[in-house]
file target07.csv (CSV, C-alpha atoms)
chain,number,residue,atom,x,y,z
T,546,MET,CA,14.1,-41.2,15.8
T,547,PRO,CA,11.2,-42.9,13.9
T,548,GLN,CA,7.9,-41.0,14.2
T,549,LYS,CA,5.3,-42.5,16.5
T,550,LYS,CA,2.5,-44.3,14.8
T,551,ILE,CA,-1.0,-43.2,15.7
T,552,SER,CA,-4.3,-44.8,14.9
T,553,ILE,CA,-7.2,-42.6,13.7
T,554,ARG,CA,-10.5,-43.1,12.1
T,555,ILE,CA,-11.3,-41.4,8.8
T,556,ASP,CA,-14.9,-41.9,7.7
T,557,GLY,CA,-15.1,-44.9,10.0
T,558,GLU,CA,-12.1,-46.6,8.5
T,559,LEU,CA,-9.1,-47.3,10.8
T,560,VAL,CA,-6.0,-45.5,9.4
T,561,THR,CA,-2.4,-45.4,10.6
T,562,ALA,CA,-0.9,-42.0,10.7
T,563,LEU,CA,2.4,-40.6,11.9
T,564,GLU,CA,2.7,-38.2,14.8
T,565,GLY,CA,3.1,-34.6,13.5
T,566,GLN,CA,1.0,-35.3,10.4
T,567,THR,CA,-2.0,-33.2,9.7
T,568,ILE,CA,-5.4,-34.8,9.1
T,569,LEU,CA,-5.1,-33.9,5.4
T,570,GLN,CA,-1.7,-35.7,5.0
T,571,ALA,CA,-3.0,-38.8,6.9
T,572,ALA,CA,-6.1,-38.9,4.7
T,573,GLN,CA,-4.1,-38.5,1.5
T,574,GLU,CA,-1.8,-41.3,2.4
T,575,ALA,CA,-4.8,-43.5,3.1
T,576,GLY,CA,-6.1,-42.6,-0.3
T,577,LYS,CA,-9.0,-40.5,1.0
T,578,ALA,CA,-9.4,-37.2,-0.9
T,579,ILE,CA,-10.4,-34.1,1.1
T,580,PRO,CA,-11.1,-31.2,-1.2
T,581,THR,CA,-8.6,-28.3,-0.9
T,582,LEU,CA,-7.9,-24.9,-2.6
T,583,CYS,CA,-5.2,-23.1,-0.7
T,584,TYR,CA,-3.2,-26.3,0.1
T,585,LEU,CA,-0.4,-27.1,-2.2
T,586,GLU,CA,1.8,-30.1,-1.3
T,587,GLY,CA,5.3,-28.9,-0.6
T,588,LEU,CA,4.2,-25.5,0.7
T,589,SER,CA,3.3,-24.8,4.3
T,590,PRO,CA,-0.4,-25.0,5.1
T,591,ALA,CA,-2.2,-21.7,5.4
T,592,GLY,CA,-5.8,-22.6,6.4
T,593,ALA,CA,-6.9,-19.7,4.2
T,594,CYS,CA,-9.7,-21.2,2.1
T,595,ARG,CA,-11.7,-23.2,4.6
T,596,ILE,CA,-12.6,-25.8,1.9
T,597,CYS,CA,-10.9,-28.7,3.7
T,598,MET,CA,-13.0,-28.3,6.9
T,599,VAL,CA,-13.8,-31.7,8.5
T,600,GLU,CA,-16.0,-32.9,11.3
T,601,VAL,CA,-14.0,-34.3,14.3
T,602,ALA,CA,-15.9,-36.4,16.9
T,603,GLY,CA,-16.1,-34.6,20.2
T,604,THR,CA,-16.2,-31.1,19.0
T,605,GLU,CA,-19.0,-29.1,17.4
T,606,ARG,CA,-16.7,-26.9,15.5
T,607,LEU,CA,-15.5,-27.8,12.1
T,608,LEU,CA,-11.7,-28.0,11.8
T,609,PRO,CA,-9.4,-27.4,8.8
T,610,ALA,CA,-7.8,-30.7,7.8
T,611,CYS,CA,-4.7,-29.0,6.4
T,612,THR,CA,-3.6,-27.4,9.7
T,613,THR,CA,-5.1,-29.8,12.4
T,614,PRO,CA,-2.5,-32.3,13.6
T,615,VAL,CA,-3.6,-35.9,14.2
T,616,GLN,CA,-4.1,-37.3,17.7
T,617,GLU,CA,-4.5,-40.8,19.0
T,618,GLY,CA,-8.1,-41.9,18.7
T,619,LEU,CA,-9.2,-39.0,16.4
T,620,ALA,CA,-12.4,-39.8,14.5
T,621,VAL,CA,-12.8,-37.6,11.4
T,622,THR,CA,-15.7,-37.3,9.0
T,623,THR,CA,-14.8,-35.9,5.6
T,624,VAL,CA,-18.1,-36.3,3.8
T,625,SER,CA,-21.4,-35.2,5.2
T,626,ALA,CA,-24.4,-33.0,4.2
T,627,ARG,CA,-23.2,-30.4,6.6
T,628,LEU,CA,-19.7,-30.2,5.2
T,629,THR,CA,-21.0,-30.1,1.6
T,630,GLN,CA,-23.3,-27.2,2.6
T,631,TYR,CA,-20.3,-25.3,4.2
T,632,ARG,CA,-18.0,-26.0,1.3
T,633,ARG,CA,-20.6,-24.8,-1.2
T,634,MET,CA,-21.2,-21.7,0.8
T,635,THR,CA,-17.5,-21.0,0.9
T,636,VAL,CA,-17.0,-21.4,-2.8
T,637,GLU,CA,-20.1,-19.3,-3.6
T,638,LEU,CA,-18.7,-16.5,-1.4
T,639,LEU,CA,-15.3,-16.8,-3.1
T,640,LEU,CA,-17.1,-16.4,-6.5
T,641,ILE,CA,-19.1,-13.4,-5.6
T,642,GLU,CA,-16.2,-11.5,-3.9
T,643,ARG,CA,-14.3,-11.0,-7.2
T,644,ASN,CA,-15.2,-10.9,-10.9
T,645,HIS,CA,-15.0,-14.6,-11.6
T,646,VAL,CA,-16.3,-15.1,-15.2
T,647,CYS,CA,-15.1,-18.4,-16.4
T,648,SER,CA,-16.0,-18.0,-20.1
T,649,VAL,CA,-13.5,-15.2,-20.6
T,650,CYS,CA,-10.7,-16.5,-18.3
T,651,VAL,CA,-7.3,-17.7,-19.3
T,652,SER,CA,-7.7,-20.6,-16.9
T,653,ASN,CA,-11.1,-21.7,-18.1
T,654,GLY,CA,-11.1,-25.5,-17.9
T,655,HIS,CA,-7.8,-25.7,-15.9
T,656,CYS,CA,-9.0,-23.8,-12.9
T,657,GLU,CA,-9.1,-25.3,-9.4
T,658,LEU,CA,-11.8,-22.9,-8.2
T,659,GLN,CA,-13.9,-23.8,-11.3
T,660,ALA,CA,-13.3,-27.5,-10.7
T,661,MET,CA,-14.2,-27.2,-7.1
T,662,ALA,CA,-17.5,-25.3,-7.9
T,663,THR,CA,-18.3,-28.0,-10.5
T,664,SER,CA,-17.6,-30.9,-8.1
T,665,LEU,CA,-19.8,-29.2,-5.5
T,666,GLY,CA,-22.6,-28.9,-8.0
T,667,ILE,CA,-22.6,-25.1,-8.0
T,668,THR,CA,-24.4,-23.8,-11.1
T,669,ASN,CA,-25.3,-20.3,-9.7
T,670,THR,CA,-24.6,-18.2,-6.6
T,671,ARG,CA,-27.4,-17.4,-4.2
T,672,TYR,CA,-26.0,-14.0,-3.6
T,673,TRP,CA,-25.3,-11.1,-6.1
T,674,TYR,CA,-21.8,-10.8,-7.4
T,675,ASP,CA,-20.1,-7.9,-5.7
T,676,PHE,CA,-18.5,-6.6,-8.9
T,677,PRO,CA,-15.6,-4.7,-7.3
T,678,THR,CA,-13.6,-2.5,-9.6
T,679,LEU,CA,-10.1,-4.1,-9.6
T,680,PRO,CA,-7.0,-3.4,-11.5
T,681,VAL,CA,-5.0,-5.8,-13.7
T,682,ASP,CA,-1.2,-5.5,-13.3
T,683,MET,CA,0.4,-5.9,-16.7
T,684,THR,CA,3.7,-4.3,-15.9
T,685,HIS,CA,5.7,-7.5,-15.6
T,686,GLU,CA,7.3,-8.4,-18.9
T,687,ARG,CA,6.3,-12.1,-18.8
T,688,PHE,CA,3.4,-12.4,-16.3
T,689,VAL,CA,0.0,-10.8,-15.5
T,690,LEU,CA,-1.7,-10.3,-12.1
T,691,ASP,CA,-5.4,-10.1,-12.4
T,692,HIS,CA,-7.0,-9.2,-9.0
T,693,ASN,CA,-10.4,-10.0,-10.5
T,694,ARG,CA,-9.6,-13.7,-10.4
T,695,CYS,CA,-7.7,-13.9,-7.1
T,696,ILE,CA,-9.1,-15.9,-4.2
T,697,LEU,CA,-6.4,-14.8,-1.7
T,698,CYS,CA,-5.3,-18.4,-1.1
T,699,THR,CA,-1.7,-17.1,-0.6
T,700,ARG,CA,-0.2,-19.9,-2.6
T,701,CYS,CA,1.9,-17.4,-4.6
T,702,VAL,CA,3.0,-15.8,-1.4
T,703,ARG,CA,4.2,-19.1,0.1
T,704,ALA,CA,5.7,-20.4,-3.2
T,705,CYS,CA,7.8,-17.1,-3.5
T,706,ALA,CA,8.8,-17.1,0.1
T,707,GLU,CA,9.5,-20.8,0.7
T,708,LEU,CA,10.7,-22.1,-2.7
T,709,GLU,CA,12.2,-19.1,-4.4
T,710,GLY,CA,13.1,-17.2,-1.2
T,711,ALA,CA,12.4,-13.8,-2.9
T,712,ASN,CA,9.5,-12.7,-0.7
T,713,VAL,CA,8.0,-10.6,-3.4
T,714,TRP,CA,4.4,-11.3,-2.5
T,715,ASP,CA,2.3,-10.7,0.6
T,716,VAL,CA,-1.2,-9.7,1.4
T,717,GLY,CA,-1.9,-6.0,1.9
T,718,GLY,CA,-4.9,-4.4,3.5
T,719,ARG,CA,-7.6,-6.3,5.3
T,720,GLY,CA,-11.2,-7.5,5.0
T,721,ILE,CA,-12.8,-7.0,1.6
T,722,HIS,CA,-9.9,-4.6,0.7
T,723,THR,CA,-7.3,-7.4,1.0
T,724,ARG,CA,-5.1,-7.7,-2.1
T,725,VAL,CA,-2.0,-9.6,-3.0
T,726,THR,CA,0.7,-7.0,-3.2
T,727,SER,CA,4.3,-7.1,-4.5
T,728,ASP,CA,6.9,-5.4,-2.2
T,729,LEU,CA,5.6,-2.0,-1.1
T,730,ALA,CA,2.6,-2.3,-3.5
T,731,GLN,CA,4.5,-1.0,-6.4
T,732,PRO,CA,3.8,-2.4,-9.9
T,733,TRP,CA,5.0,-6.0,-10.3
T,734,GLY,CA,7.2,-5.0,-13.2
T,735,GLU,CA,9.1,-2.5,-11.0
T,736,SER,CA,9.7,-5.0,-8.2
T,737,PRO,CA,13.4,-5.1,-7.3
T,738,THR,CA,13.0,-8.5,-5.6
T,739,CYS,CA,11.2,-10.4,-8.3
T,740,THR,CA,13.4,-12.9,-10.1
T,741,SER,CA,10.8,-13.6,-12.8
T,742,CYS,CA,11.0,-17.3,-11.9
T,743,GLY,CA,7.3,-17.8,-12.4
T,744,LYS,CA,6.7,-20.1,-9.4
T,745,CYS,CA,3.9,-17.9,-8.2
T,746,VAL,CA,2.2,-18.3,-11.6
T,747,GLN,CA,2.4,-22.1,-11.4
T,748,ALA,CA,1.2,-22.1,-7.8
T,749,CYS,CA,-1.9,-20.0,-8.5
T,750,PRO,CA,-5.1,-22.1,-8.6
T,751,THR,CA,-7.0,-19.7,-10.8
T,752,GLY,CA,-6.3,-17.3,-13.6
T,753,ALA,CA,-5.2,-14.5,-11.3
T,754,LEU,CA,-1.6,-15.1,-12.1
T,755,ALA,CA,-0.9,-16.1,-15.7
T,756,GLU,CA,1.7,-15.9,-18.4
T,757,LYS,CA,1.3,-13.2,-20.9
T,758,GLY,CA,0.2,-14.3,-24.3
T,759,ALA,CA,-2.2,-17.0,-23.0
T,760,ALA,CA,-5.7,-16.6,-24.5
T,761,VAL,CA,-8.9,-18.0,-23.0
T,762,GLU,CA,-8.5,-21.6,-21.8
T,763,GLU,CA,-4.8,-21.6,-22.7
T,764,MET,CA,-3.2,-21.2,-19.2
T,765,THR,CA,-2.4,-24.5,-17.7
T,766,LYS,CA,-0.5,-24.8,-14.4
T,767,ARG,CA,2.1,-27.3,-13.3
T,768,THR,CA,1.7,-27.5,-9.6
T,769,ASP,CA,3.3,-30.9,-9.6
T,770,ARG,CA,6.7,-29.4,-10.5
T,771,LEU,CA,6.5,-27.1,-7.4
T,772,THR,CA,5.7,-30.1,-5.2
T,773,ARG,CA,8.7,-32.0,-6.7
T,774,LEU,CA,11.0,-29.0,-6.3
T,775,ALA,CA,9.9,-28.7,-2.6
T,776,GLY,CA,10.6,-32.4,-2.1
T,777,SER,CA,14.1,-32.1,-3.6
T,778,LYS,CA,14.8,-29.0,-1.5
T,779,ARG,CA,13.8,-30.8,1.7
T,780,ALA,CA,16.0,-33.8,0.8
T,781,GLN,CA,19.1,-31.5,0.6
T,782,PRO,CA,20.9,-31.2,3.9
Z,342,MET,CA,12.9,4.1,-8.7
Z,343,HIS,CA,12.6,2.5,-5.3
Z,344,ASN,CA,16.4,2.2,-4.8
Z,345,ASN,CA,16.8,5.9,-4.5
Z,346,LEU,CA,13.9,6.3,-2.1
Z,347,ARG,CA,16.2,5.8,0.8
Z,348,ASP,CA,18.1,8.9,-0.2
Z,349,SER,CA,15.0,11.0,0.1
Z,350,LEU,CA,14.8,10.6,3.9
Z,351,ASP,CA,16.9,13.2,5.6
Z,352,GLU,CA,19.9,12.4,7.9
Z,353,LYS,CA,18.0,13.0,11.2
Z,354,GLU,CA,15.1,10.8,10.2
Z,355,ARG,CA,17.4,8.0,9.3
Z,356,ALA,CA,19.3,8.3,12.5
Z,357,PHE,CA,16.1,8.2,14.5
Z,358,ILE,CA,14.9,5.0,12.7
Z,359,ASP,CA,18.3,3.4,13.1
Z,360,GLN,CA,18.1,4.1,16.9
Z,361,VAL,CA,14.6,2.7,17.1
Z,362,ILE,CA,15.6,-0.5,15.3
Z,363,ALA,CA,18.7,-0.9,17.4
Z,364,GLU,CA,16.7,-0.7,20.6
Z,365,ARG,CA,14.2,-3.4,19.5
Z,366,SER,CA,15.9,-5.6,16.9
Z,367,SER,CA,16.8,-8.4,19.3
Z,368,ARG,CA,13.2,-9.1,20.1
Z,369,PRO,CA,11.0,-11.2,17.8
Z,370,GLY,CA,8.0,-9.4,16.3
Z,371,ALA,CA,9.8,-6.1,16.7
Z,372,LEU,CA,8.4,-4.7,13.5
Z,373,LEU,CA,5.1,-3.5,15.1
Z,374,GLY,CA,6.9,-1.6,17.8
Z,375,ILE,CA,9.4,-0.1,15.3
Z,376,LEU,CA,6.6,1.0,13.0
Z,377,GLN,CA,4.7,2.5,15.8
Z,378,ALA,CA,7.7,4.5,17.2
Z,379,VAL,CA,8.6,5.7,13.7
Z,380,GLN,CA,5.0,6.8,13.0
Z,381,ASN,CA,4.7,8.7,16.3
Z,382,HIS,CA,7.9,10.5,15.5
Z,383,ASN,CA,6.5,11.7,12.2
Z,384,PRO,CA,5.0,15.2,12.5
Z,385,ARG,CA,2.0,14.2,10.4
Z,386,ASN,CA,1.6,10.9,12.2
Z,387,TYR,CA,2.0,8.6,9.2
Z,388,LEU,CA,4.5,6.3,7.5
Z,389,PRO,CA,5.7,7.5,4.1
Z,390,MET,CA,6.7,4.9,1.6
Z,391,GLU,CA,10.3,6.0,1.9
Z,392,THR,CA,10.2,5.2,5.6
Z,393,LEU,CA,8.7,1.8,5.0
Z,394,HIS,CA,11.4,1.1,2.5
Z,395,TYR,CA,14.1,2.2,4.8
Z,396,VAL,CA,12.7,0.2,7.7
Z,397,ALA,CA,12.5,-2.9,5.5
Z,398,ALA,CA,16.1,-2.5,4.3
Z,399,LYS,CA,17.4,-1.9,7.8
Z,400,THR,CA,15.5,-4.7,9.6
Z,401,ARG,CA,16.0,-7.1,6.6
Z,402,VAL,CA,12.3,-7.9,6.7
Z,403,PRO,CA,11.0,-8.2,3.2
Z,404,PRO,CA,9.2,-5.0,1.9
Z,405,SER,CA,6.1,-7.1,1.1
Z,406,GLN,CA,5.8,-8.1,4.8
Z,407,VAL,CA,6.4,-4.6,6.1
Z,408,TYR,CA,3.7,-3.3,3.7
Z,409,SER,CA,1.4,-6.2,4.8
Z,410,VAL,CA,1.8,-5.3,8.5
Z,411,ALA,CA,1.4,-1.5,7.9
Z,412,THR,CA,-1.8,-2.0,5.9
Z,413,PHE,CA,-3.4,-4.6,8.1
Z,414,TYR,CA,-3.4,-2.6,11.4
Z,415,ALA,CA,-5.7,0.4,11.5
Z,416,LEU,CA,-3.2,2.0,13.8
Z,417,PHE,CA,-0.8,2.7,11.0
Z,418,ASN,CA,-1.5,5.5,8.5
Z,419,LEU,CA,0.1,5.6,5.1
Z,420,GLN,CA,-1.4,9.0,4.4
Z,421,PRO,CA,-0.6,12.3,6.3
Z,422,GLN,CA,-3.0,12.8,9.2
Z,423,GLY,CA,-4.7,16.0,10.2
Z,424,GLU,CA,-3.8,18.0,13.3
Z,425,HIS,CA,-7.0,16.9,15.0
Z,426,THR,CA,-8.5,13.4,14.7
Z,427,VAL,CA,-12.3,12.9,15.0
Z,428,SER,CA,-13.3,9.3,15.2
Z,429,ILE,CA,-17.0,8.5,14.8
Z,430,CYS,CA,-18.3,5.3,16.2
Z,431,ARG,CA,-20.1,3.2,13.6
Z,432,GLY,CA,-21.0,0.4,16.0
Z,433,THR,CA,-24.5,-0.9,16.4
Z,434,ALA,CA,-25.6,1.2,19.4
Z,435,CYS,CA,-24.2,4.4,17.8
Z,436,HIS,CA,-25.7,3.5,14.5
Z,437,THR,CA,-29.2,3.2,16.0
Z,438,ARG,CA,-28.7,6.6,17.6
Z,439,GLY,CA,-27.8,8.3,14.3
Z,440,SER,CA,-24.1,8.0,13.9
Z,441,ARG,CA,-24.4,7.7,10.1
Z,442,GLU,CA,-26.2,11.1,9.9
Z,443,LEU,CA,-23.5,12.5,12.2
Z,444,LEU,CA,-20.8,11.2,9.9
Z,445,GLU,CA,-22.5,12.4,6.8
Z,446,SER,CA,-23.0,15.9,8.1
Z,447,LEU,CA,-19.4,16.1,9.3
Z,448,VAL,CA,-18.2,14.9,5.9
Z,449,LEU,CA,-20.3,17.6,4.2
Z,450,GLU,CA,-19.3,20.3,6.8
Z,451,LEU,CA,-15.6,19.7,6.2
Z,452,GLY,CA,-16.0,19.3,2.5
Z,453,LEU,CA,-14.5,15.8,2.4
Z,454,GLY,CA,-16.7,14.7,-0.6
Z,455,GLN,CA,-17.4,11.1,-1.5
Z,456,ARG,CA,-16.5,8.5,1.0
Z,457,ASP,CA,-16.4,4.8,1.0
Z,458,ASP,CA,-19.4,3.8,3.0
Z,459,GLY,CA,-18.6,2.1,6.3
Z,460,ASP,CA,-21.4,-0.4,5.8
Z,461,SER,CA,-19.9,-2.0,2.7
Z,462,GLY,CA,-16.9,-3.1,4.8
Z,463,GLY,CA,-14.9,0.0,4.1
Z,464,ALA,CA,-15.0,1.0,7.8
Z,465,ASP,CA,-11.7,-0.5,8.5
Z,466,LYS,CA,-9.6,2.3,7.2
Z,467,ALA,CA,-12.2,4.8,6.1
Z,468,THR,CA,-10.0,7.7,6.9
Z,469,LEU,CA,-10.4,11.2,5.3
Z,470,THR,CA,-8.3,14.2,5.9
Z,471,THR,CA,-9.2,17.8,5.0
Z,472,ALA,CA,-7.1,19.5,2.3
Z,473,ASP,CA,-5.8,22.0,4.8
Z,474,GLY,CA,-4.6,19.2,7.0
Z,475,VAL,CA,-6.5,20.4,10.1
Z,476,PHE,CA,-9.0,17.5,10.5
Z,477,THR,CA,-8.9,13.8,10.0
Z,478,VAL,CA,-12.2,12.0,10.2
Z,479,ARG,CA,-12.2,8.2,10.7
Z,480,THR,CA,-14.8,5.6,11.5
Z,481,VAL,CA,-14.3,3.1,14.4
Z,482,ALA,CA,-16.2,-0.1,15.1
Z,483,CYS,CA,-16.9,0.4,18.8
Z,484,PHE,CA,-15.4,2.4,21.7
Z,485,GLY,CA,-17.2,0.3,24.4
Z,486,GLN,CA,-19.1,3.3,25.5
Z,487,CYS,CA,-22.4,2.3,24.1
Z,488,ALA,CA,-24.4,3.8,26.9
Z,489,LEU,CA,-23.2,7.2,25.7
Z,490,ALA,CA,-24.2,6.6,22.0
Z,491,PRO,CA,-23.7,8.2,19.7
Z,492,VAL,CA,-20.0,8.5,20.7
Z,493,VAL,CA,-17.3,10.6,19.0
Z,494,GLU,CA,-13.7,10.6,20.0
Z,495,ILE,CA,-12.0,13.9,19.5
Z,496,ASN,CA,-8.2,13.8,19.9
Z,497,HIS,CA,-8.4,10.8,22.2
Z,498,SER,CA,-11.1,12.1,24.5
Z,499,ILE,CA,-14.6,10.5,24.4
Z,500,CYS,CA,-17.6,12.7,23.8
Z,501,GLY,CA,-21.0,11.1,24.5
Z,502,HIS,CA,-24.5,11.9,23.3
Z,503,VAL,CA,-23.1,13.9,20.5
Z,504,ASN,CA,-25.4,15.7,18.0
Z,505,GLU,CA,-24.6,17.7,14.9
Z,506,HIS,CA,-24.6,21.0,16.8
Z,507,THR,CA,-22.4,20.0,19.7
Z,508,LEU,CA,-20.0,18.4,17.3
Z,509,GLN,CA,-19.8,21.4,15.0
Z,510,ARG,CA,-19.3,23.7,18.0
Z,511,GLN,CA,-16.3,21.6,19.2
Z,512,LEU,CA,-14.8,21.4,15.8
Z,513,LYS,CA,-15.0,25.2,15.4
Z,514,GLU,CA,-13.2,25.7,18.7
Z,515,LEU,CA,-10.5,23.3,17.5
Z,516,ALA,CA,-10.2,25.1,14.2
Z,517,ARG,CA,-9.8,28.4,16.0
Z,518,GLU,CA,-7.0,27.0,18.1
Z,519,SER,CA,-5.1,25.8,15.1
Z,520,ASP,CA,-5.3,29.3,13.4
call {"tool": "encode", "arguments": {"input": "target07.csv", "output": "C-alpha cells"}}
result
Amino acid sequence: MPQKKISIRIDGELVTALEGQTILQAAQEAGKAIPTLCYLEGLSPAGACRICMVEVAGTERLLPACTTPVQEGLAVTTVSARLTQYRRMTVELLLIERNHVCSVCVSNGHCELQAMATSLGITNTRYWYDFPTLPVDMTHERFVLDHNRCILCTRCVRACAELEGANVWDVGGRGIHTRVTSDLAQPWGESPTCTSCGKCVQACPTGALAEKGAAVEEMTKRTDRLTRLAGSKRAQP
Amino acid sequence: MHNNLRDSLDEKERAFIDQVIAERSSRPGALLGILQAVQNHNPRNYLPMETLHYVAAKTRVPPSQVYSVATFYALFNLQPQGEHTVSICRGTACHTRGSRELLESLVLELGLGQRDDGDSGGADKATLTTADGVFTVRTVACFGQCALAPVVEINHSICGHVNEHTLQRQLKELARESD
C-alpha cells in the first residue's frame, strides 16, 4: 500500500511528506537541514541530544524533529532566535559536562560536536567546565573508549544493537553519572559479546570511540558506510 | 573470566532464579520484576555481578541491558546492603530544616568517611554501608512528608522532626538489637 501523502509547512514553504515520516526526514527530503547530533541515518532515532528541536505552530513546547511524526497541516519553524539560543545552550552544557578539549583530541577537525559548536558560533562556555575524573578504556586491542569525550548520544549503542546485533553497549547509571558501558561494565577488551567490527567507532560523532594509533586530528569517521549498510539490510527480505 | 561466573552461584540460588524467570518470562518488561524478586531473595538485599550475568544468560536479554536497568533504578543495589537502612531526605524542605547537617553528623558517627555530596548530583545512588554491615545510609529526594521536615526513614518507617540526638538514640537501639 503506498504511503499517504501529507502536506506540511517547513519555514513557510509547502512540502509534501509521507505519512509515518518524522519532521526531520521530511525536512531532509525537501533539502532543509535541521542540525542533529544523536541522529544517524539508518539507525533508529533516540531524541537524546535535543539539538534538532523545532518550533511547531500551535504548541509552546519545542519538539525534537527526529522523533516527531508529521501530521497534516503541520507548520514547523527550524530557524529562529529562540531555537539558536536553545541549541547553543545544549551544546555548551554538553561541552562542560565532560572534558572536551579539542586541541588534544584525535577527532579535532572531524568532530560533529566541534562542528556544531562552530556553526552555532560558540567560542566559549558561559559555565565552568565540570572537569569530572573519567577513565579511558584502552583494553580493547584495536579501539579506545574515552569517556572524557562522550556526549551520550547512544549512536554506538544503536549501531551495535541494530546493525551488528551484538548488543555490547548500553548506558549504565543515571544523571551526571551516566556512562556508556559494555556488557556488565567490564573492560571492553574482556567483552565476550564484542565482535571487534568497529561500527560503534564509526558511529561515534566525537573522539570518544577511536581507533588505536590515531594521533591528534587523525581520527576520521565514515558514518556514510553505516547508513549504506543499514539501507542494504533493510532492502533484504 | 565472565564465562565461569555462572558457576560461582550455588545450586539453590540458580534454582530460585530459574523459577522467578519461569513465572514471569511470558510478560514483556519482565526484567524489572525478575531483578526485584531476585534482589529481595538475596540475604544482603543486592544483586551480585554473578546474579546479573546469570539472569542475562537465562532471559536472553543482553548483559548490557541488564546492567543498564540495574544501575538506572535506585531500587537496585549492586553492593551488599546493611541490616538496617537509614534514608535521609535531601529534598528542599528537609534541606532548609538542616538535613545536610543531619547527614554529615550521621556519616561521621558511623565512620563512613568521604561521601559524594548529594548537591553535586550524586544523590541518586549515594549509598554508604558501614564496614560491619549493620547500617546503610542513603539519600532520598523527597518522601512527600515535608510538614515533618527533616524526615528520616529508618527501615521503612518514617520519622519526622528528627534531630541529631533522636537519630543517634534510635540508631543505638537498632545496633543493640543486631548484637
call {"tool": "residues_around", "arguments": {"input": "target07.csv", "residues": "range 718-726 of chain T", "least_positions_apart": "6", "cutoff": "12 Å", "atoms": "all atoms listed in the file", "output": "compact mmCIF listing (two decimals) with C-alpha atoms, in the frame of the given file"}}
result
# COMPACT_ATOMS: atom_id res chain seq x y z
CA LEU T 638 -18.70 -16.50 -1.40
CA LEU T 639 -15.30 -16.80 -3.10
CA ILE T 641 -19.10 -13.40 -5.60
CA GLU T 642 -16.20 -11.50 -3.90
CA ARG T 643 -14.30 -11.00 -7.20
CA ASP T 675 -20.10 -7.90 -5.70
CA PHE T 676 -18.50 -6.60 -8.90
CA PRO T 677 -15.60 -4.70 -7.30
CA THR T 678 -13.60 -2.50 -9.60
CA LEU T 679 -10.10 -4.10 -9.60
CA PRO T 680 -7.00 -3.40 -11.50
CA VAL T 681 -5.00 -5.80 -13.70
CA ASP T 682 -1.20 -5.50 -13.30
CA LEU T 690 -1.70 -10.30 -12.10
CA ASP T 691 -5.40 -10.10 -12.40
CA HIS T 692 -7.00 -9.20 -9.00
CA ASN T 693 -10.40 -10.00 -10.50
CA ARG T 694 -9.60 -13.70 -10.40
CA CYS T 695 -7.70 -13.90 -7.10
CA ILE T 696 -9.10 -15.90 -4.20
CA LEU T 697 -6.40 -14.80 -1.70
CA CYS T 698 -5.30 -18.40 -1.10
CA THR T 699 -1.70 -17.10 -0.60
CA ARG T 700 -0.20 -19.90 -2.60
CA CYS T 701 1.90 -17.40 -4.60
CA VAL T 702 3.00 -15.80 -1.40
CA ARG T 703 4.20 -19.10 0.10
CA ASN T 712 9.50 -12.70 -0.70
CA PRO T 732 3.80 -2.40 -9.90
CA TRP T 733 5.00 -6.00 -10.30
CA SER T 736 9.70 -5.00 -8.20
CA CYS T 745 3.90 -17.90 -8.20
CA CYS T 749 -1.90 -20.00 -8.50
CA ALA T 753 -5.20 -14.50 -11.30
CA LEU T 754 -1.60 -15.10 -12.10
CA PRO Z 404 9.20 -5.00 1.90
CA SER Z 405 6.10 -7.10 1.10
CA GLN Z 406 5.80 -8.10 4.80
CA VAL Z 407 6.40 -4.60 6.10
CA TYR Z 408 3.70 -3.30 3.70
CA SER Z 409 1.40 -6.20 4.80
CA VAL Z 410 1.80 -5.30 8.50
CA ALA Z 411 1.40 -1.50 7.90
CA THR Z 412 -1.80 -2.00 5.90
CA PHE Z 413 -3.40 -4.60 8.10
CA TYR Z 414 -3.40 -2.60 11.40
CA ALA Z 415 -5.70 0.40 11.50
CA PHE Z 417 -0.80 2.70 11.00
CA ASN Z 418 -1.50 5.50 8.50
CA LEU Z 419 0.10 5.60 5.10
CA ASP Z 457 -16.40 4.80 1.00
CA GLY Z 459 -18.60 2.10 6.30
CA ASP Z 460 -21.40 -0.40 5.80
CA SER Z 461 -19.90 -2.00 2.70
CA GLY Z 462 -16.90 -3.10 4.80
CA GLY Z 463 -14.90 0.00 4.10
CA ALA Z 464 -15.00 1.00 7.80
CA ASP Z 465 -11.70 -0.50 8.50
CA LYS Z 466 -9.60 2.30 7.20
CA ALA Z 467 -12.20 4.80 6.10
call {"tool": "residues_around", "arguments": {"input": "target07.csv", "residues": "Thr740 in chain T", "least_positions_apart": "4", "cutoff": "12 Å", "atoms": "all atoms listed in the file", "output": "list in words"}}
result
His685, Glu686, Arg687, Phe688, Cys705, Ala706, Glu709, Gly710, Ala711, Asn712, Val713, Trp714, Trp733, Gly734, Glu735, Ser736, Lys744 and Cys745 of chain T
call {"tool": "residues_around", "arguments": {"input": "target07.csv", "residues": "Tyr387 in chain Z", "least_positions_apart": "3", "cutoff": "10 Å", "atoms": "only C-alpha atoms", "output": "ChimeraX atom specification"}}
result
/Z:376-377,379-384,390,392,416-422
call {"tool": "atom_distance", "arguments": {"input": "target07.csv", "atom1": "CA of Thr433 in chain Z", "atom2": "CA of Val503 in chain Z"}}
result
15.4 Å
call {"tool": "atom_distance", "arguments": {"input": "target07.csv", "atom1": "CA of Ala662 in chain T", "atom2": "CA of Tyr674 in chain T"}}
result
15.1 Å
call {"tool": "residues_around", "arguments": {"input": "target07.csv", "residues": "Leu585 in chain T", "least_positions_apart": "3", "cutoff": "9 Å", "atoms": "all atoms listed in the file", "output": "ChimeraX atom specification"}}
result
/T:581-582,588-590,700,748,768,771-772
call {"tool": "residues_around", "arguments": {"input": "target07.csv", "residues": "Ile555 in chain T", "least_positions_apart": "4", "cutoff": "8 Å", "atoms": "all atoms listed in the file", "output": "list in words"}}
result
Leu559, Val560, Ala572, Ala620, Val621, Thr622 and Thr623 of chain T
call {"tool": "atom_distance", "arguments": {"input": "target07.csv", "atom1": "CA of Val493 in chain Z", "atom2": "CA of Leu453 in chain Z"}}
result
17.6 Å
call {"tool": "closest_residue", "arguments": {"input": "target07.csv", "among": "Z:Leu469, Z:Leu449, Z:Ala398, Z:Gly474", "to": "chain T", "atoms": "only C-alpha atoms"}}
result
Z:Ala398
call {"tool": "closest_residue", "arguments": {"input": "target07.csv", "among": "Z:Ile499, Z:Ala472, Z:Val396, Z:Ile362", "to": "chain T", "atoms": "all atoms listed in the file"}}
result
Z:Val396
